[in-house]
Every structure is written in C-alpha cells, then in structure tokens.
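Asker: Pasting my_file-v6.txt here (compact mmCIF, C-alpha atoms):
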```txt
# COMPACT_ATOMS: atom_id res chain seq x y z
CA MET A 225 20.78 -44.36 -33.84
CA GLN A 226 18.89 -43.19 -30.73
CA GLN A 227 19.66 -39.66 -29.67
CA PRO A 228 20.91 -39.19 -26.08
CA VAL A 229 18.39 -37.77 -23.65
CA ASN A 230 19.17 -34.38 -22.19
CA LEU A 231 18.36 -34.97 -18.52
CA LYS A 232 18.66 -31.28 -17.65
CA LEU A 233 16.03 -30.41 -20.28
CA VAL A 234 13.75 -33.15 -18.94
CA ARG A 235 13.96 -31.65 -15.47
CA ILE A 236 13.53 -28.06 -16.63
CA LYS A 237 10.40 -28.63 -18.74
CA PRO A 238 8.14 -29.78 -15.86
CA LEU A 239 9.42 -26.94 -13.68
CA PHE A 240 8.80 -24.39 -16.43
CA GLY A 241 5.34 -25.85 -17.01
CA PHE A 242 4.54 -25.60 -13.29
CA ILE A 243 5.65 -21.97 -13.11
CA LYS A 244 3.68 -21.09 -16.24
CA ALA A 245 0.53 -22.82 -14.92
CA PHE A 246 0.90 -21.21 -11.51
CA PHE A 247 1.20 -17.68 -12.88
CA SER A 248 -1.71 -18.19 -15.29
CA SER A 249 -3.98 -19.44 -12.48
CA LYS A 250 -6.61 -17.14 -10.96
CA SER A 251 -6.69 -18.79 -7.53
CA HIS A 252 -6.23 -17.01 -4.20
CA LEU A 253 -2.72 -18.34 -3.62
CA SER A 254 -1.56 -17.65 -7.16
CA SER A 255 -3.00 -14.12 -7.16
CA SER A 256 -1.30 -13.36 -3.86
CA VAL A 257 2.07 -14.67 -5.07
CA LYS A 258 1.82 -12.79 -8.37
CA THR A 259 0.91 -9.59 -6.56
CA MET A 260 3.82 -10.12 -4.18
CA PHE A 261 6.14 -10.79 -7.15
CA PHE A 262 5.20 -7.47 -8.72
CA SER A 263 5.49 -5.80 -5.31
CA VAL A 264 9.08 -7.01 -5.12
CA LEU A 265 9.79 -5.56 -8.56
CA ILE A 266 8.17 -2.28 -7.54
CA LEU A 267 10.15 -2.32 -4.32
CA VAL A 268 13.41 -2.69 -6.22
CA ILE A 269 12.46 0.20 -8.51
CA ASN A 270 11.46 2.39 -5.56
CA MET A 271 14.76 1.61 -3.87
CA LEU A 272 16.60 2.67 -7.02
CA THR A 273 14.63 5.91 -7.28
CA GLY A 274 15.26 6.56 -3.59
CA ILE A 275 18.98 5.95 -4.00
CA LEU A 276 19.20 8.24 -7.04
CA THR A 277 17.33 11.10 -5.37
CA ALA A 278 19.31 10.74 -2.13
CA ARG A 279 22.64 10.60 -3.94
CA PHE A 280 22.04 13.56 -6.26
CA LEU A 281 19.94 15.77 -3.97
CA GLY A 282 21.43 15.08 -0.54
CA PRO A 283 19.43 15.07 2.72
CA SER A 284 18.23 18.68 2.36
CA GLY A 285 17.10 18.36 -1.27
CA ARG A 286 15.50 14.98 -0.53
CA GLY A 287 13.55 16.62 2.29
CA GLU A 288 12.25 19.40 0.04
CA GLN A 289 11.23 16.89 -2.60
CA ALA A 290 9.40 14.78 0.00
CA ALA A 291 7.49 17.85 1.20
CA MET A 292 6.39 18.66 -2.37
CA VAL A 293 5.31 15.13 -3.35
CA LEU A 294 3.75 14.06 -0.06
CA TRP A 295 0.69 16.28 0.07
CA SER A 296 -1.01 15.38 -3.21
CA GLN A 297 -0.90 11.70 -2.26
CA PHE A 298 -1.95 12.27 1.34
CA LEU A 299 -4.98 14.44 0.51
CA ALA A 300 -6.11 12.17 -2.35
CA PHE A 301 -6.09 9.05 -0.18
CA SER A 302 -7.76 11.01 2.64
CA PHE A 303 -10.72 11.99 0.46
CA THR A 304 -11.73 8.58 -0.92
CA PHE A 305 -14.63 8.44 1.58
CA GLY A 306 -14.30 4.65 1.73
CA MET A 307 -15.33 4.21 -1.91
CA PRO A 308 -12.67 1.60 -2.85
CA SER A 309 -13.79 -0.73 -0.03
CA ALA A 310 -17.45 0.03 -0.75
CA ILE A 311 -16.97 -0.88 -4.43
CA ILE A 312 -15.33 -4.21 -3.58
CA TYR A 313 -17.93 -5.16 -0.97
CA ASN A 314 -21.06 -4.12 -2.89
CA VAL A 315 -20.06 -5.20 -6.41
CA LYS A 316 -19.01 -8.58 -5.02
CA LYS A 317 -22.49 -8.98 -3.52
CA ASN A 318 -24.43 -7.51 -6.50
CA MET A 319 -22.54 -8.13 -9.73
CA LYS A 320 -25.57 -7.17 -11.83
CA ASP A 321 -25.33 -3.59 -10.51
CA SER A 322 -21.65 -3.21 -11.36
CA ALA A 323 -22.19 -0.53 -14.02
CA LYS A 324 -24.44 1.59 -11.80
CA LEU A 325 -22.11 1.36 -8.85
CA TYR A 326 -18.98 2.17 -10.85
CA SER A 327 -20.56 5.15 -12.65
CA THR A 328 -21.74 6.57 -9.33
CA ALA A 329 -18.33 5.97 -7.75
CA VAL A 330 -16.60 7.89 -10.56
CA LEU A 331 -18.82 10.93 -9.99
CA MET A 332 -18.27 10.70 -6.24
CA GLY A 333 -14.53 10.35 -6.77
CA LEU A 334 -14.27 13.42 -9.00
CA THR A 335 -16.25 15.50 -6.52
CA ALA A 336 -14.16 14.33 -3.57
CA GLY A 337 -10.93 14.92 -5.52
CA LEU A 338 -11.88 18.51 -6.36
CA LEU A 339 -12.67 19.18 -2.69
CA ALA A 340 -9.29 17.78 -1.66
CA MET A 341 -7.53 19.86 -4.32
CA CYS A 342 -9.12 23.11 -3.10
CA LEU A 343 -8.33 22.29 0.52
CA GLY A 344 -4.70 21.59 -0.31
CA ILE A 345 -4.25 24.87 -2.17
CA LEU A 346 -5.60 26.79 0.83
CA VAL A 347 -3.82 24.91 3.62
CA LEU A 348 -0.32 24.32 2.22
CA PRO A 349 1.01 27.90 2.62
CA TYR A 350 0.37 27.65 6.37
CA TRP A 351 1.65 24.11 6.90
CA LEU A 352 4.81 24.59 4.83
CA ARG A 353 5.61 28.05 6.17
CA SER A 354 9.13 26.96 7.17
CA TYR A 355 9.92 26.10 3.51
CA SER A 356 10.74 28.43 0.63
CA ASP A 357 8.00 30.11 -1.41
CA SER A 358 8.93 28.04 -4.47
CA VAL A 359 8.43 24.78 -2.55
CA VAL A 360 5.01 25.98 -1.35
CA LEU A 361 3.99 27.06 -4.86
CA PHE A 362 5.05 23.75 -6.40
CA SER A 363 3.11 21.85 -3.74
CA GLN A 364 0.00 23.89 -4.58
CA TRP A 365 0.35 23.12 -8.29
CA SER A 366 0.73 19.42 -7.48
CA MET A 367 -2.85 19.47 -6.16
CA ALA A 368 -4.06 19.29 -9.78
CA ILE A 369 -3.34 15.55 -9.81
CA VAL A 370 -5.43 14.82 -6.71
CA PRO A 371 -8.78 14.04 -8.49
CA LEU A 372 -6.99 11.53 -10.74
CA ILE A 373 -5.38 9.80 -7.75
CA VAL A 374 -8.81 9.43 -6.12
CA LEU A 375 -10.16 7.89 -9.33
CA SER A 376 -7.19 5.53 -9.48
CA GLN A 377 -8.16 4.05 -6.11
CA ILE A 378 -11.69 3.38 -7.37
CA ASN A 379 -10.31 1.84 -10.57
CA ASN A 380 -7.94 -0.38 -8.57
CA ALA A 381 -10.89 -1.64 -6.53
CA MET A 382 -12.84 -2.48 -9.69
CA MET A 383 -9.90 -4.38 -11.17
CA GLN A 384 -9.53 -6.36 -7.94
CA VAL A 385 -13.18 -7.34 -7.74
CA ARG A 386 -13.13 -8.27 -11.44
CA GLY A 387 -10.10 -10.48 -10.83
CA GLU A 388 -7.93 -8.43 -13.21
CA TYR A 389 -4.81 -8.80 -11.13
CA LYS A 390 -2.61 -9.08 -14.21
CA LEU A 391 -3.56 -5.60 -15.42
CA PHE A 392 -3.63 -4.26 -11.87
CA ASN A 393 -0.07 -5.43 -11.24
CA ARG A 394 1.22 -4.20 -14.60
CA LEU A 395 -0.07 -0.70 -13.92
CA ARG A 396 1.44 -0.73 -10.44
CA PHE A 397 4.76 -1.66 -12.03
CA LEU A 398 4.75 0.72 -15.01
CA ILE A 399 4.17 3.88 -12.96
CA PRO A 400 7.30 3.64 -10.75
CA LEU A 401 9.28 2.33 -13.73
CA SER A 402 8.36 5.51 -15.63
CA THR A 403 9.54 7.53 -12.64
CA LEU A 404 12.86 5.70 -12.62
CA ILE A 405 13.35 6.38 -16.34
CA GLY A 406 12.48 10.05 -15.78
CA LEU A 407 15.04 10.38 -12.99
CA ALA A 408 17.69 8.71 -15.13
CA LEU A 409 17.05 11.23 -17.93
CA LEU A 410 17.31 14.11 -15.45
CA ILE A 411 20.67 12.81 -14.26
CA LEU A 412 21.99 12.33 -17.79
CA THR A 413 20.91 15.84 -18.80
CA LYS A 414 22.23 17.28 -15.49
CA THR A 415 18.85 18.86 -14.69
CA MET A 416 18.22 16.98 -11.42
CA THR A 417 16.74 19.30 -8.76
CA PRO A 418 14.14 18.82 -6.01
CA TYR A 419 11.55 20.32 -8.39
CA THR A 420 12.32 18.33 -11.54
CA SER A 421 12.59 15.10 -9.53
CA ALA A 422 9.20 15.85 -7.96
CA VAL A 423 7.75 16.14 -11.47
CA ALA A 424 9.31 12.77 -12.32
CA TYR A 425 7.45 11.27 -9.34
CA LEU A 426 4.06 12.82 -10.07
CA ALA A 427 3.67 13.21 -13.85
CA PRO A 428 4.17 9.61 -15.14
CA ALA A 429 1.05 8.37 -13.35
CA VAL A 430 -1.32 10.78 -15.12
CA PRO A 431 -1.72 8.96 -18.51
CA PHE A 432 -2.13 5.60 -16.75
CA TYR A 433 -4.87 6.95 -14.48
CA ILE A 434 -6.73 8.49 -17.42
CA TRP A 435 -6.41 5.36 -19.59
CA THR A 436 -7.72 3.06 -16.85
CA THR A 437 -10.75 5.27 -16.21
CA VAL A 438 -11.61 5.50 -19.93
CA ARG A 439 -11.21 1.72 -20.30
CA LEU A 440 -13.59 0.90 -17.47
CA LEU A 441 -16.14 3.48 -18.59
CA ARG A 442 -16.15 1.95 -22.08
CA GLN A 443 -16.77 -1.48 -20.61
CA TYR A 444 -19.57 -0.40 -18.28
CA GLN A 445 -20.86 2.71 -20.10
CA TRP A 446 -22.45 5.55 -18.16
CA VAL A 447 -25.37 4.22 -16.15
CA ILE A 448 -26.96 7.00 -14.10
CA LYS A 449 -30.29 5.24 -13.57
CA ASP A 450 -31.05 4.94 -9.85
CA ILE A 451 -27.93 6.99 -9.15
CA TYR A 452 -29.27 8.13 -5.79
CA ARG A 453 -29.85 4.53 -4.71
CA SER A 454 -26.36 3.59 -5.85
CA PHE A 455 -24.99 6.56 -3.95
CA GLN A 456 -26.79 5.42 -0.80
CA THR A 457 -25.46 1.89 -1.23
CA LEU A 458 -21.88 3.05 -1.61
CA ILE A 459 -21.93 5.75 1.04
CA ARG A 460 -23.57 3.47 3.62
CA TYR A 461 -20.68 1.03 3.54
CA GLY A 462 -18.16 3.69 2.54
CA ILE A 463 -18.71 5.91 5.56
CA GLY A 464 -18.26 2.93 7.86
CA SER A 465 -15.10 1.98 5.98
CA TYR A 466 -13.95 5.56 5.43
CA GLY A 467 -12.77 5.92 8.97
CA ASN A 468 -10.54 2.90 8.39
CA ASP A 469 -9.23 4.25 5.08
CA LEU A 470 -8.72 7.74 6.49
CA MET A 471 -7.06 6.56 9.67
CA GLY A 472 -4.91 4.09 7.74
CA ASN A 473 -3.84 6.83 5.36
CA VAL A 474 -3.16 9.29 8.17
CA SER A 475 -1.24 6.58 10.03
CA TYR A 476 0.82 5.97 6.89
CA TYR A 477 1.73 9.64 6.46
CA ILE A 478 1.28 11.19 9.91
CA ASP A 479 4.90 10.79 10.97
CA GLN A 480 6.18 12.65 7.91
CA ILE A 481 3.43 15.29 8.16
CA VAL A 482 4.23 16.05 11.81
CA ILE A 483 7.97 15.91 11.17
CA ILE A 484 7.64 18.50 8.39
CA GLY A 485 6.64 20.98 11.09
CA LEU A 486 9.18 19.80 13.70
CA LEU A 487 12.37 19.11 11.75
CA ASN A 488 14.37 20.92 9.11
CA PRO A 489 14.61 19.67 5.49
CA THR A 490 17.86 17.77 6.19
CA GLU A 491 16.34 15.77 9.06
CA LEU A 492 13.20 15.19 7.02
CA GLY A 493 15.37 13.84 4.20
CA LEU A 494 17.03 11.36 6.59
CA TYR A 495 13.66 10.21 7.89
CA ALA A 496 12.14 9.94 4.40
CA VAL A 497 14.93 7.56 3.37
CA ALA A 498 14.45 5.47 6.54
CA VAL A 499 10.69 5.25 5.97
CA SER A 500 10.92 4.30 2.30
CA LEU A 501 13.56 1.64 2.94
CA SER A 502 11.77 0.20 5.99
CA ARG A 503 8.69 -0.52 3.90
CA VAL A 504 10.64 -3.23 2.11
CA VAL A 505 8.91 -5.83 4.29
CA ASN A 506 5.48 -4.27 3.73
CA ILE A 507 5.12 -6.20 0.48
CA PHE A 508 4.07 -9.36 2.33
CA SER A 509 1.01 -7.82 3.99
CA THR A 510 -0.04 -5.41 1.24
CA SER A 511 0.18 -8.05 -1.50
CA ILE A 512 -1.98 -10.43 0.51
CA ILE A 513 -4.54 -7.81 1.60
CA VAL A 514 -5.22 -6.91 -2.05
CA VAL A 515 -6.45 -10.48 -2.62
CA LEU A 516 -7.66 -11.49 0.85
CA PHE A 517 -10.49 -8.97 1.29
CA PRO A 518 -12.26 -9.70 -2.03
CA LYS A 519 -11.80 -13.47 -1.55
CA ALA A 520 -13.03 -13.50 2.05
CA SER A 521 -16.08 -11.27 1.50
CA GLY A 522 -19.27 -13.31 1.67
CA LEU A 523 -17.73 -16.38 3.35
CA PRO A 524 -18.98 -17.73 6.72
CA LYS A 525 -17.35 -16.27 9.82
CA ASP A 526 -15.41 -19.41 10.78
CA LYS A 527 -13.84 -19.68 7.32
CA VAL A 528 -12.98 -15.97 7.24
CA VAL A 529 -11.23 -16.12 10.63
CA ASP A 530 -9.38 -19.34 9.79
CA MET A 531 -8.22 -18.03 6.41
CA THR A 532 -7.17 -14.66 7.81
CA PHE A 533 -5.11 -16.03 10.70
CA ARG A 534 -3.39 -18.62 8.55
CA VAL A 535 -2.36 -15.95 6.07
CA TYR A 536 -1.29 -13.74 8.99
CA ARG A 537 0.97 -16.40 10.51
CA ILE A 538 2.74 -17.15 7.23
CA SER A 539 3.17 -13.55 6.06
CA THR A 540 4.24 -12.15 9.44
CA CYS A 541 6.79 -14.90 10.01
CA VAL A 542 8.42 -14.17 6.66
CA ALA A 543 8.28 -10.40 7.30
CA LEU A 544 9.95 -10.68 10.71
CA LEU A 545 12.73 -12.91 9.37
CA CYS A 546 13.41 -10.47 6.54
CA SER A 547 13.39 -7.55 9.00
CA LEU A 548 15.97 -9.26 11.21
CA MET A 549 18.31 -9.88 8.30
CA ILE A 550 17.96 -6.31 7.04
CA MET A 551 18.65 -4.92 10.52
CA LEU A 552 21.93 -6.82 10.65
CA VAL A 553 23.24 -5.55 7.32
CA ALA A 554 21.86 -1.99 7.58
CA PRO A 555 25.08 -0.39 8.99
CA PHE A 556 26.98 -1.61 5.93
CA VAL A 557 24.34 -1.25 3.21
CA MET A 558 22.72 2.14 3.94
CA PRO A 559 25.93 4.25 3.74
CA LEU A 560 26.97 2.29 0.66
CA LEU A 561 23.68 2.88 -1.18
CA TYR A 562 22.65 6.32 -0.02
CA GLY A 563 25.97 7.84 1.05
CA PRO A 564 27.67 8.46 4.39
CA ASP A 565 25.39 11.44 5.14
CA PHE A 566 22.51 9.02 5.71
CA ARG A 567 24.28 6.93 8.39
CA GLU A 568 22.35 8.83 11.09
CA ALA A 569 19.08 7.23 9.88
CA ILE A 570 20.08 3.64 10.81
CA SER A 571 18.68 3.59 14.36
CA VAL A 572 15.25 4.92 13.40
CA PHE A 573 15.29 2.65 10.35
CA ARG A 574 15.54 -0.45 12.57
CA MET A 575 12.61 0.62 14.72
CA LEU A 576 10.52 1.36 11.64
CA LEU A 577 11.32 -2.08 10.19
CA LEU A 578 9.91 -3.78 13.28
CA GLU A 579 6.85 -1.53 13.26
CA VAL A 580 6.12 -2.27 9.61
CA SER A 581 6.20 -6.03 10.30
CA ILE A 582 3.81 -5.69 13.26
CA SER A 583 1.43 -3.24 11.57
CA GLY A 584 1.37 -5.29 8.37
CA GLY A 585 0.22 -8.32 10.34
CA THR A 586 -2.37 -6.16 12.12
CA MET A 587 -3.89 -5.03 8.84
CA VAL A 588 -4.01 -8.61 7.57
CA LEU A 589 -6.04 -9.54 10.67
CA ALA A 590 -8.23 -6.47 10.14
CA GLN A 591 -9.45 -7.92 6.82
CA ALA A 592 -11.58 -10.37 8.80
CA PHE A 593 -13.68 -7.45 10.07
CA MET A 594 -13.83 -5.86 6.62
CA ALA A 595 -15.00 -9.10 5.02
CA LEU A 596 -17.64 -9.67 7.71
CA GLY A 597 -19.17 -6.22 7.25
CA LYS A 598 -17.68 -4.65 10.40
CA PRO A 599 -15.40 -1.91 9.01
CA LYS A 600 -16.06 0.37 11.98
CA ILE A 601 -13.90 -1.84 14.19
CA VAL A 602 -10.97 -1.22 11.88
CA THR A 603 -11.75 2.50 11.94
CA ILE A 604 -11.55 2.51 15.73
CA LEU A 605 -8.32 0.52 15.46
CA GLN A 606 -6.69 3.17 13.29
CA GLY A 607 -8.09 6.02 15.38
CA LEU A 608 -6.66 4.52 18.55
CA GLY A 609 -3.24 4.35 16.96
CA LEU A 610 -3.43 8.02 15.98
CA LEU A 611 -4.54 9.09 19.45
CA VAL A 612 -1.31 7.58 20.71
CA VAL A 613 1.15 8.44 17.94
CA ILE A 614 0.43 12.17 17.49
CA PRO A 615 1.12 13.16 21.12
CA LEU A 616 4.12 10.81 21.24
CA LEU A 617 5.60 12.37 18.10
CA THR A 618 5.20 15.90 19.44
CA VAL A 619 6.79 14.92 22.78
CA LEU A 620 9.53 12.49 21.70
CA ILE A 621 10.81 14.18 18.53
CA PRO A 622 11.94 17.39 20.28
CA LYS A 623 13.59 15.28 22.99
CA PHE A 624 15.16 12.41 21.02
CA GLY A 625 15.10 13.63 17.41
CA LEU A 626 14.73 10.96 14.73
CA ALA A 627 14.91 8.15 17.32
CA GLY A 628 11.91 9.68 19.08
CA ALA A 629 9.88 9.38 15.87
CA GLY A 630 10.76 5.69 15.69
CA MET A 631 9.76 5.11 19.32
CA ALA A 632 6.39 6.80 18.77
CA ILE A 633 5.54 4.86 15.60
CA LEU A 634 6.59 1.51 17.10
CA SER A 635 4.53 2.08 20.26
CA SER A 636 1.44 2.87 18.19
CA GLY A 637 1.92 -0.28 16.08
CA ILE A 638 2.12 -2.54 19.14
CA LEU A 639 -1.00 -1.00 20.66
CA ARG A 640 -3.03 -1.51 17.47
CA PHE A 641 -1.95 -5.14 17.28
CA ILE A 642 -3.18 -5.79 20.83
CA PHE A 643 -6.46 -4.01 20.07
CA ILE A 644 -7.25 -6.12 17.00
CA LEU A 645 -6.65 -9.34 18.93
CA ILE A 646 -9.02 -8.24 21.69
CA ASN A 647 -11.75 -7.53 19.14
CA VAL A 648 -11.30 -10.86 17.38
CA LYS A 649 -12.18 -12.54 20.67
CA PHE A 650 -14.93 -10.26 21.96
CA THR A 651 -16.45 -8.58 18.87
CA LEU A 652 -16.38 -11.60 16.56
CA LYS A 653 -17.07 -13.83 19.58
CA THR A 654 -14.64 -16.48 18.47
CA LYS A 655 -11.74 -18.28 20.09
CA LEU A 656 -8.45 -16.57 19.38
CA PRO A 657 -6.51 -18.75 16.90
CA ARG A 658 -2.80 -19.44 17.21
CA LEU A 659 -0.49 -16.54 16.43
CA LEU A 660 2.77 -18.41 15.78
CA LEU A 661 3.59 -20.32 12.63
CA ASN A 662 3.23 -24.09 13.06
CA LYS A 663 3.76 -27.28 11.08
CA GLU A 664 0.14 -27.34 9.96
CA ASP A 665 0.54 -23.95 8.23
CA ILE A 666 3.68 -25.14 6.47
CA ARG A 667 1.94 -28.36 5.38
CA TRP A 668 -1.00 -26.31 4.09
CA LEU A 669 1.31 -24.08 2.06
CA LEU A 670 3.27 -27.04 0.66
CA SER A 671 0.10 -28.93 -0.18
CA ALA A 672 -1.27 -25.91 -2.05
CA ILE A 673 1.93 -25.66 -4.08
CA THR A 674 1.92 -29.43 -4.69
CA ALA A 675 -1.67 -29.23 -5.93
CA TYR A 676 -0.66 -26.68 -8.57
CA LYS A 677 2.31 -28.78 -9.55
CA ALA A 678 0.02 -31.78 -10.03
CA LYS A 679 -2.22 -29.71 -12.34
```
Can you turn what I pasted into structure tokens?
Answerer:
Amino acid sequence: MQQPVNLKLVRIKPLFGFIKAFFSSKSHLSSSVKTMFFSVLILVINMLTGILTARFLGPSGRGEQAAMVLWSQFLAFSFTFGMPSAIIYNVKKNMKDSAKLYSTAVLMGLTAGLLAMCLGILVLPYWLRSYSDSVVLFSQWSMAIVPLIVLSQINNAMMQVRGEYKLFNRLRFLIPLSTLIGLALLILTKTMTPYTSAVAYLAPAVPFYIWTTVRLLRQYQWVIKDIYRSFQTLIRYGIGSYGNDLMGNVSYYIDQIVIIGLLNPTELGLYAVAVSLSRVVNIFSTSIIVVLFPKASGLPKDKVVDMTFRVYRISTCVALLCSLMIMLVAPFVMPLLYGPDFREAISVFRMLLLEVSISGGTMVLAQAFMALGKPKIVTILQGLGLLVVIPLLTVLIPKFGLAGAGMAILSSGILRFIFILINVKFTLKTKLPRLLLNKEDIRWLLSAITAYKAK
C-alpha cells in the first residue's frame, strides 16, 4: 500500500536546502547576509550585557565602567596606522606576497600597540581626574590589552581578504558571548561591581586574539625577507588610509570621550546606554562594509560606484525603517529593559538612532573611494565631521545636557553625508546615482536570492 505523502515535509526540504546552500556559499551577497546574521546575534548579546550592567550597576556604576573600558579600545583602534585597510588592499593585489605583508604587519602592530599602551598610562590620570583613584588605576592596567587589540584588527583584515568569513564571524560572536557568561557568573556569585564587570568585558577577548595570531603565523610562517619593502608598501597605503581609520575611530568615541570631561558618572551612564542601544541599526552598514571593500577593490570605477550605491540604497532604507520603529517603542521598552532611571536617555537615544542610520550609509558610500585607491578623501570626510562635532559638543552639552550631545552628533553626521556626495560627483567625476530605493534595486535583490534558490 502506498504511503501518504507528507506535503509539509516536501515543502520544508527545498527551503532547508536553499538555506543550507545560501549559508555555505562564498558569494558577496551570501557573505554580507551571513555577516549581518552574526551581527544580529552579537547585537542581541550586547543588548543583554548592557541591560545586566545597567540593572545591577545603575547609571553611576555604568558610567564608571564605561570610563574604564573605553580607553583601551579607543587607543588601540587609534594606533592601527591604517594597517587593516593596507593589508586588505595590498594582499588583494599581490597574493604571492601575503606572508611578507602579514609578518611585517604583525611587527608594526606590536610596535604601535606598545606606543598606545605607554601613552594611555601617562595620559589617563589627567583625563580621568574627576574620577576616583581606583577607576584611574584600573584604566591604566587595562592598557596591557592594547597591543593585542591592534593585532586583532590586522588578523580580522587577513581573514576578510582570505574569505574566511565563517571564522571571522564566529570569533566576533564568541567574544561578547564570553562576556555575557562572565557577567552572569558575577551576578550569581553577587560579585558584580564596576571593576569586575569591566574585567568581564576586557578579559575574554585575550585568548581569542592570541589564538588567531598564532594560527595565522603558523600558516604563513615568519617571512622577514624584504621587510623594509613590505613596510613601505603597507605604510604608503596605510598612512593615506590611517586618517580615515583614526578619524572614524575618534568619531565613534569622541562623544563619550568629551562627555567624560563634561558630565558626571550618572549622566555618562545614561549616555552610554543610549549610544549602545542606538547602534542596533549599525549592523546593516558594518556587515556590508566588511564584505564590500574587499570585493570592490580592483574593479573598474563604474562597477565600483554602481555596486556601492545599490548596496547603500538597500541597507539605508532598511536601517531607516528599523530606526523609525524603534523610536516609536522606545518610551515603553527602555524603562522596561534598563529601569526607570534610564528614562531620561530617550530623547538623545532617538537623535542618535537617526545619526547612526545616516552615518552608516555615508561609510558605505565611502567604500567606493577606498576601493579605488583614494582613502585620503575618506580621511578628509572624517576630519570634517570632527571639526564640527567637537566644538558643538563643548557648546551644546553645557547648555542642553544630553540632548545637546545628540544635536551635535546628528549635525556632524548630516554634514559628512553631504560631503561624500559632493566628492562622488567631483572627485570621482561621475554622475551622482539615485539615492532612494527603487523597483530596480528590489528586483536585483530578489533575482539574486532566486538565483541561489535555483542552485
């Protein structure tokens, strides 16, 4: 007797096969979606860690923790000297020199990290003078991790150019997951303080950074032949790109750095929660940038511009829609998640959401200049934003408090967006493509998905 056919199983199998094929693919679209998928997971974990620290430390304790954790990350990213971008650009063009370039980059990264560590130890007592001596001392000890963070950026660049997005995404996921587990243990053992929670944020990354460096060195071995030539190759592109990396990093942290000197720990805690939660929508641009720059490097100008603007239109449209929905539910969700003490952060949170959507789209467009060997334009872009945001922060924060910080950051984001559009037209000497999502973009996206389904 013939067995009845399970129609649900028949429908599920092709769908499961499509999902499996899509996530095993190494294409541009698949890599972007997989990176975004992991970014969503990381975002959820970061939200949970933020909720736990806010709930158990309160605004004041959260502010002290932010002050202790912030500086090691800021100084490490500020002392990369453009090496991650230089690795991607030069290894992509000269794969045969990969071992030489990576070995040289590791030595450069260690040197730069040690310089950043020494600078942090000397500067922090002056910058954090309004905080307790124990907070300052902990921040100085946290500088020990700076060289490893610099190396991690070089390792991430190598994994991207090698197409190892699976490993890259797993490492990005495991580090915040380890932090979440550490915070949970602190809560269970009733040892949660600003200091122990700061350790939970910093320490879990150390074994992952060391393992990744050892793994890549085993694959490439130490190749110090022609090290000076490799240094020249990396530094030539790196210095041009460094301004972009430095300005981008400063732009990312400048609000919190300035606020540390202008606001008390409680107000800093409110702002830190608003910033971390507003970067929910940043996953669309950051996930795409990770894949877009390596993929676009070496392509003709017309293809680079077309690819970049199409990705911009799709990602920015989704980011703005998500921002609008989050703005609407913020008055109900933020007090529920973080507690009633954080209700004051809602207004600045909304402004930061809009700024993140605009700035994310700006950095997607900036990848066209990076891929075409014009990183200095992006450096000027970031510098222009800082020239505006620093004076605005110092003027508006004393007058309007947290809302003034939001006004300053949003104004800087809008200005940078206008600047990048002007340079697309006049520096790249190309007609400015459409900025709004259209039916052709949707058809392109659907056709790409359909093509994978057919495979």
Asker: Using only C-alpha atoms, which of A:Leu611, A:Leu596, A:Ala290, A:Val580 sits nearest A:Tyr419?
Answerer: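 The closest residue to A:Tyr419 is A:Ala290.
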Asker: Excluding A:Met558 and any residue of its chain fewer than 4 positions from it, enumerate the residues within 7 Å of it, using all atoms listed in the file, and give them as a PyMOL selection string.
Answerer: chain A and resi 554+562+567
Asker: Kindly give the distance, in Å, that separates atom CA of A:Trp435 and atom CA of A:Gln456, rounded to a single decimal.
Answerer: 27.7 Å
Asker: Using all atoms listed in the file, list the residues that have an atom at most 12 Å from (21.8, 8.9, -5.9), coordinates as in the file, as a ChimeraX atom specification.
Answerer: /A:271-283,285-286,404,407-408,410-411,416-417,421,497,558-566
Asker: When you draw a straight line from atom CA of A:Pro418 to atom CA of A:Val347, how long is it in Å?
Answerer: 21.3 Å
Asker: Please compute the atom CA of A:Lys653-atom CA of A:Lys598 distance, one decimal, in Å.
Answerer: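 Interatomic distance here is 13.0 Å.
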Asker: How big is the axis-aligned box around the listed atoms of stretch 488-495 of chain A once 3 Å is added on each side, and where is its centre? Give both in Å to one decimal, as AutoDock Vina command-line options.
Answerer:
```
--center_x 15.5 --center_y 15.6 --center_z 6.7 --size_x 10.7 --size_y 16.7 --size_z 10.9
```
Asker: So, counting only C-alpha atoms, which residue among A:Met292, A:Thr457, A:Met549, A:Thr304 is closest to A:Ser363?
Answerer: A:Met292
Asker: Scan for residues within 8 Å of the point (-5.8, 3.0, -13.4) in the coordinates of the file, using only C-alpha atoms, and reply as a list in words.
Answerer: Leu375, Ser376, Gln377, Asn379, Asn380, Phe392, Leu395, Phe432, Tyr433, Ile434, Trp435, Thr436 and Thr437 of chain A
Asker: From the list A:Ile311, A:Ile538, A:Ala632, A:Ile269, which residue is nearest A:Leu325 when using all atoms listed in the file?
Answerer: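 Closest to A:Leu325 of all the choices is A:Ile311.
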Asker: Near A:Thr618, counting all atoms listed in the file, which residues have an atom at most 10 Å away, once you skip same-chain residues fewer than 2 positions from it, shown as a PyMOL selection string?
Answerer: chain A and resi 479+482-483+485-486+613-616+620-623+628-629+632
Asker: Considering all atoms listed in the file, state which residue in the set A:Val330, A:Leu348, A:Ala595, A:Leu626 is at the smallest distance from A:Val438.
Answerer: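 Ranking A:Val330, A:Leu348, A:Ala595, A:Leu626 by distance to A:Val438, first place goes to A:Val330.
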Asker: When distances are computed from all atoms listed in the file, which of A:Arg537, A:Arg574, A:Lys449, A:Lys414 shows the smallest separation from A:Trp668?
Answerer: A:Arg537
Asker: Which residue gives the smallest distance to A:Ser302 among A:Val557, A:Val264, A:Ala336, A:Ala592, with only C-alpha atoms counted?
Answerer: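 Among the listed residues, A:Ala336 lies closest to A:Ser302.
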